[in-house]
$ cat query33.pdb   # PDB, C-alpha atoms, pLDDT in the B column
ATOM      1  CA  MET A   1     -29.533   3.181   4.200  1.00 76.00           C
ATOM      2  CA  GLY A   2     -31.584   5.605   2.141  1.00 83.00           C
ATOM      3  CA  ASN A   3     -30.415   7.766  -0.719  1.00 84.00           C
ATOM      4  CA  ASP A   4     -30.736  10.952   1.357  1.00 89.00           C
ATOM      5  CA  ASP A   5     -28.417   9.426   3.955  1.00 89.00           C
ATOM      6  CA  LYS A   6     -25.900   8.519   1.268  1.00 90.00           C
ATOM      7  CA  VAL A   7     -25.974  12.050  -0.125  1.00 92.00           C
ATOM      8  CA  ASN A   8     -25.536  13.492   3.380  1.00 92.00           C
ATOM      9  CA  ILE A   9     -22.472  11.326   3.993  1.00 92.00           C
ATOM     10  CA  ILE A  10     -20.918  12.305   0.673  1.00 93.00           C
ATOM     11  CA  SER A  11     -21.740  15.975   1.296  1.00 94.00           C
ATOM     12  CA  GLY A  12     -20.115  15.782   4.719  1.00 93.00           C
ATOM     13  CA  LEU A  13     -16.946  14.357   3.212  1.00 94.00           C
ATOM     14  CA  ILE A  14     -16.902  17.088   0.581  1.00 95.00           C
ATOM     15  CA  THR A  15     -17.255  19.748   3.295  1.00 93.00           C
ATOM     16  CA  LEU A  16     -14.428  18.203   5.292  1.00 93.00           C
ATOM     17  CA  ARG A  17     -12.271  18.020   2.167  1.00 94.00           C
ATOM     18  CA  GLY A  18     -12.918  21.717   1.555  1.00 94.00           C
ATOM     19  CA  LYS A  19     -11.775  22.598   5.064  1.00 91.00           C
ATOM     20  CA  LEU A  20      -8.556  20.649   4.584  1.00 92.00           C
ATOM     21  CA  LEU A  21      -7.979  22.218   1.197  1.00 93.00           C
ATOM     22  CA  GLY A  22      -8.443  25.696   2.663  1.00 92.00           C
ATOM     23  CA  ALA A  23      -5.984  25.011   5.484  1.00 91.00           C
ATOM     24  CA  SER A  24      -3.487  23.554   3.040  1.00 92.00           C
ATOM     25  CA  LEU A  25      -3.720  26.593   0.772  1.00 92.00           C
ATOM     26  CA  LYS A  26      -3.139  28.977   3.688  1.00 89.00           C
ATOM     27  CA  MET A  27      -0.060  27.015   4.767  1.00 89.00           C
ATOM     28  CA  LYS A  28       1.252  26.783   1.219  1.00 91.00           C
ATOM     29  CA  LEU A  29       0.985  30.567   0.842  1.00 92.00           C
ATOM     30  CA  LYS A  30       3.199  30.862   3.924  1.00 88.00           C
ATOM     31  CA  GLY A  31       5.742  28.568   2.252  1.00 91.00           C
ATOM     32  CA  GLU A  32       5.088  25.666   4.602  1.00 89.00           C
ATOM     33  CA  ASP A  33       5.031  21.926   3.937  1.00 90.00           C
ATOM     34  CA  THR A  34       1.499  20.754   3.196  1.00 92.00           C
ATOM     35  CA  THR A  35       2.276  17.140   2.307  1.00 92.00           C
ATOM     36  CA  GLU A  36       0.238  15.550   5.104  1.00 90.00           C
ATOM     37  CA  LEU A  37      -2.777  17.773   4.535  1.00 90.00           C
ATOM     38  CA  GLU A  38      -2.634  17.088   0.812  1.00 93.00           C
ATOM     39  CA  LYS A  39      -2.596  13.334   1.540  1.00 93.00           C
ATOM     40  CA  SER A  40      -5.673  13.766   3.735  1.00 93.00           C
ATOM     41  CA  GLU A  41      -7.463  15.813   1.125  1.00 93.00           C
ATOM     42  CA  GLN A  42      -6.656  13.253  -1.576  1.00 93.00           C
ATOM     43  CA  LEU A  43      -7.915  10.348   0.561  1.00 93.00           C
ATOM     44  CA  LEU A  44     -11.206  12.147   1.038  1.00 93.00           C
ATOM     45  CA  GLU A  45     -11.452  12.930  -2.674  1.00 95.00           C
ATOM     46  CA  GLU A  46     -10.883   9.271  -3.565  1.00 93.00           C
ATOM     47  CA  LYS A  47     -13.524   8.133  -1.080  1.00 92.00           C
ATOM     48  CA  VAL A  48     -16.038  10.699  -2.362  1.00 94.00           C
ATOM     49  CA  GLN A  49     -15.545   9.460  -5.916  1.00 93.00           C
ATOM     50  CA  GLU A  50     -15.855   5.834  -4.823  1.00 92.00           C
ATOM     51  CA  LEU A  51     -19.051   6.511  -2.884  1.00 91.00           C
ATOM     52  CA  ARG A  52     -20.505   8.483  -5.780  1.00 90.00           C
ATOM     53  CA  SER A  53     -19.934   5.570  -8.119  1.00 88.00           C
ATOM     54  CA  GLU A  54     -21.472   3.168  -5.591  1.00 87.00           C
ATOM     55  CA  LEU A  55     -24.695   5.084  -4.960  1.00 84.00           C
ATOM     56  CA  HIS A  56     -26.736   2.436  -6.749  1.00 81.00           C
ATOM     57  CA  ARG A  57     -25.470  -0.325  -4.436  1.00 83.00           C
ATOM     58  CA  THR A  58     -26.854  -1.044  -1.015  1.00 82.00           C
ATOM     59  CA  TRP A  59     -24.619   0.356   1.672  1.00 83.00           C
ATOM     60  CA  GLN A  60     -24.286  -1.683   4.842  1.00 79.00           C
ATOM     61  CA  GLY A  61     -24.592  -0.242   8.334  1.00 78.00           C
ATOM     62  CA  SER A  62     -26.434   2.548  10.027  1.00 81.00           C
ATOM     63  CA  ALA A  63     -26.579   6.008   8.510  1.00 83.00           C
ATOM     64  CA  ASP A  64     -27.025   7.528  11.967  1.00 85.00           C
ATOM     65  CA  ASP A  65     -23.839   5.871  13.199  1.00 87.00           C
ATOM     66  CA  MET A  66     -21.842   6.961  10.163  1.00 88.00           C
ATOM     67  CA  LEU A  67     -23.218  10.507  10.193  1.00 90.00           C
ATOM     68  CA  GLY A  68     -22.361  10.708  13.905  1.00 91.00           C
ATOM     69  CA  GLU A  69     -18.841   9.471  13.228  1.00 90.00           C
ATOM     70  CA  LEU A  70     -18.486  11.955  10.393  1.00 91.00           C
ATOM     71  CA  ALA A  71     -19.608  14.825  12.641  1.00 92.00           C
ATOM     72  CA  ALA A  72     -17.240  13.780  15.432  1.00 93.00           C
ATOM     73  CA  THR A  73     -14.298  13.449  13.041  1.00 92.00           C
ATOM     74  CA  ASN A  74     -15.159  16.803  11.518  1.00 91.00           C
ATOM     75  CA  ARG A  75     -15.044  18.441  14.980  1.00 92.00           C
ATOM     76  CA  ARG A  76     -11.666  16.854  15.769  1.00 91.00           C
ATOM     77  CA  ILE A  77     -10.190  17.875  12.426  1.00 91.00           C
ATOM     78  CA  GLN A  78     -11.594  21.400  12.694  1.00 90.00           C
ATOM     79  CA  SER A  79      -9.865  21.708  16.075  1.00 90.00           C
ATOM     80  CA  ARG A  80      -6.560  20.606  14.521  1.00 88.00           C
ATOM     81  CA  ILE A  81      -7.044  23.075  11.661  1.00 89.00           C
ATOM     82  CA  ARG A  82      -7.488  25.879  14.202  1.00 88.00           C
ATOM     83  CA  ASP A  83      -4.259  24.736  15.840  1.00 85.00           C
ATOM     84  CA  LEU A  84      -2.522  24.890  12.459  1.00 84.00           C
ATOM     85  CA  GLU A  85      -3.808  28.404  11.908  1.00 82.00           C
ATOM     86  CA  ARG A  86      -2.425  29.438  15.315  1.00 83.00           C
ATOM     87  CA  ASP A  87       1.002  28.110  14.317  1.00 76.00           C
ATOM     88  CA  GLU A  88       0.900  25.409  16.996  1.00 71.00           C
ATOM     89  CA  LYS A  89       2.930  22.268  16.293  1.00 78.00           C
ATOM     90  CA  ARG A  90       2.013  22.251  12.607  1.00 81.00           C
ATOM     91  CA  ALA A  91       3.705  19.001  11.600  1.00 81.00           C
ATOM     92  CA  GLU A  92       2.237  17.105  14.551  1.00 85.00           C
ATOM     93  CA  LYS A  93      -1.274  18.437  13.911  1.00 85.00           C
ATOM     94  CA  ALA A  94      -1.075  17.638  10.182  1.00 87.00           C
ATOM     95  CA  VAL A  95      -0.140  14.031  11.012  1.00 88.00           C
ATOM     96  CA  GLU A  96      -3.052  13.855  13.483  1.00 89.00           C
ATOM     97  CA  ILE A  97      -5.405  15.102  10.766  1.00 90.00           C
ATOM     98  CA  LEU A  98      -4.156  12.427   8.367  1.00 90.00           C
ATOM     99  CA  GLY A  99      -4.757   9.785  11.042  1.00 91.00           C
ATOM    100  CA  GLN A 100      -8.307  11.047  11.606  1.00 91.00           C
ATOM    101  CA  VAL A 101      -9.030  10.990   7.883  1.00 92.00           C
ATOM    102  CA  GLU A 102      -7.581   7.498   7.485  1.00 93.00           C
ATOM    103  CA  GLY A 103      -9.743   6.264  10.363  1.00 92.00           C
ATOM    104  CA  LEU A 104     -12.855   7.809   8.885  1.00 91.00           C
ATOM    105  CA  VAL A 105     -12.093   6.436   5.415  1.00 91.00           C
ATOM    106  CA  GLY A 106     -11.653   2.976   6.921  1.00 90.00           C
ATOM    107  CA  LYS A 107     -15.058   3.159   8.589  1.00 88.00           C
ATOM    108  CA  ILE A 108     -16.696   4.407   5.412  1.00 88.00           C
ATOM    109  CA  ALA A 109     -15.130   1.544   3.465  1.00 86.00           C
ATOM    110  CA  SER A 110     -17.127  -0.842   5.658  1.00 85.00           C
ATOM    111  CA  LEU A 111     -20.338   0.680   4.290  1.00 81.00           C
ATOM    112  CA  LEU A 112     -19.594  -0.774   0.896  1.00 80.00           C
ATOM    113  CA  GLY A 113     -19.081  -4.256   2.258  1.00 70.00           C
TER     114      GLY A 113
END
$ encode --input "query33.pdb" --output "structure tokens"
Amino acid sequence: MGNDDKVNIISGLITLRGKLLGASLKMKLKGEDTTELEKSEQLLEEKVQELRSELHRTWQGSADDMLGELAATNRRIQSRIRDLERDEKRAEKAVEILGQVEGLVGKIASLLG
């Protein structure tokens, strides 16, 4: 996997983290529980930092596969964020988002071997 691919994966995670942070802030301003979203955001932050520190190592796997997985997860999470913004089953959607993030983080962990 090339350095550009690595940067694209990290950038995608940062973008996703930003979306979660934005949704969490909106909910917090409404006085709502943001625990699950904050967990998701923190998992992404930890993975970004880990990947940044591992840039010099060879990452295993296909960049195309991982970038595709990142894009698909991003679409699913963005859909859940829209649901949160429409006040639809907030707690359930926040838990779904955490599950999506945990799944993605698990797949990214396999890149580092």
$ residues_around --input "query33.pdb" --residues "A:Met1" --least-positions-apart "5" --cutoff "10 Å" --atoms "all atoms listed in the file" --output "list in words"
Lys6, Thr58, Trp59, Gln60, Gly61, Ser62, Ala63, Asp64 and Leu111 of chain A
$ resolve_selection --input "query33.pdb" --expression "the PyMOL selection byres ((chain A and resi 107) around 12)" --output "list in words"
Ile9, Lys47, Gln60, Gly61, Ser62, Ala63, Asp65, Met66, Leu67, Gly68, Glu69, Leu70, Thr73, Gln100, Val101, Glu102, Gly103, Leu104, Val105, Gly106, Ile108, Ala109, Ser110, Leu111, Leu112 and Gly113 of chain A
$ residues_around --input "query33.pdb" --residues "A:Glu38" --least-positions-apart "4" --cutoff "10 Å" --atoms "all atoms listed in the file" --output "list in words"
Arg17, Leu20, Leu21, Ala23, Ser24, Leu25, Asp33, Thr34, Gln42, Leu43, Leu44, Ala94 and Leu98 of chain A
$ closest_residue --input "query33.pdb" --among "A:Glu50, A:Leu37, A:Leu29, A:Asn8" --to "A:Arg80" --atoms "only C-alpha atoms"
A:Leu37
$ residues_around --input "query33.pdb" --residues "A:His56" --least-positions-apart "4" --cutoff "10 Å" --atoms "all atoms listed in the file" --output "number ranges by chain"
A: 3, 51-52
$ axis_aligned_box --input "query33.pdb" --around "stretch 77-93 of chain A" --padding-each-side "3 Å" --output "JSON"
{"center_x": -3.9, "center_y": 23.3, "center_z": 14.3, "size_x": 21.3, "size_y": 18.3, "size_z": 11.4}
$ closest_residue --input "query33.pdb" --among "A:Gly22, A:Gln78, A:Glu32, A:Ile10" --to "A:Val48" --atoms "all atoms listed in the file"
A:Ile10
$ atom_distance --input "query33.pdb" --atom1 "atom CA of A:Lys28" --atom2 "atom CA of A:Ile77"
18.3 Å
$ closest_residue --input "query33.pdb" --among "A:Glu41, A:Glu46, A:Glu54, A:Glu85" --to "A:Leu16" --atoms "all atoms listed in the file"
A:Glu41
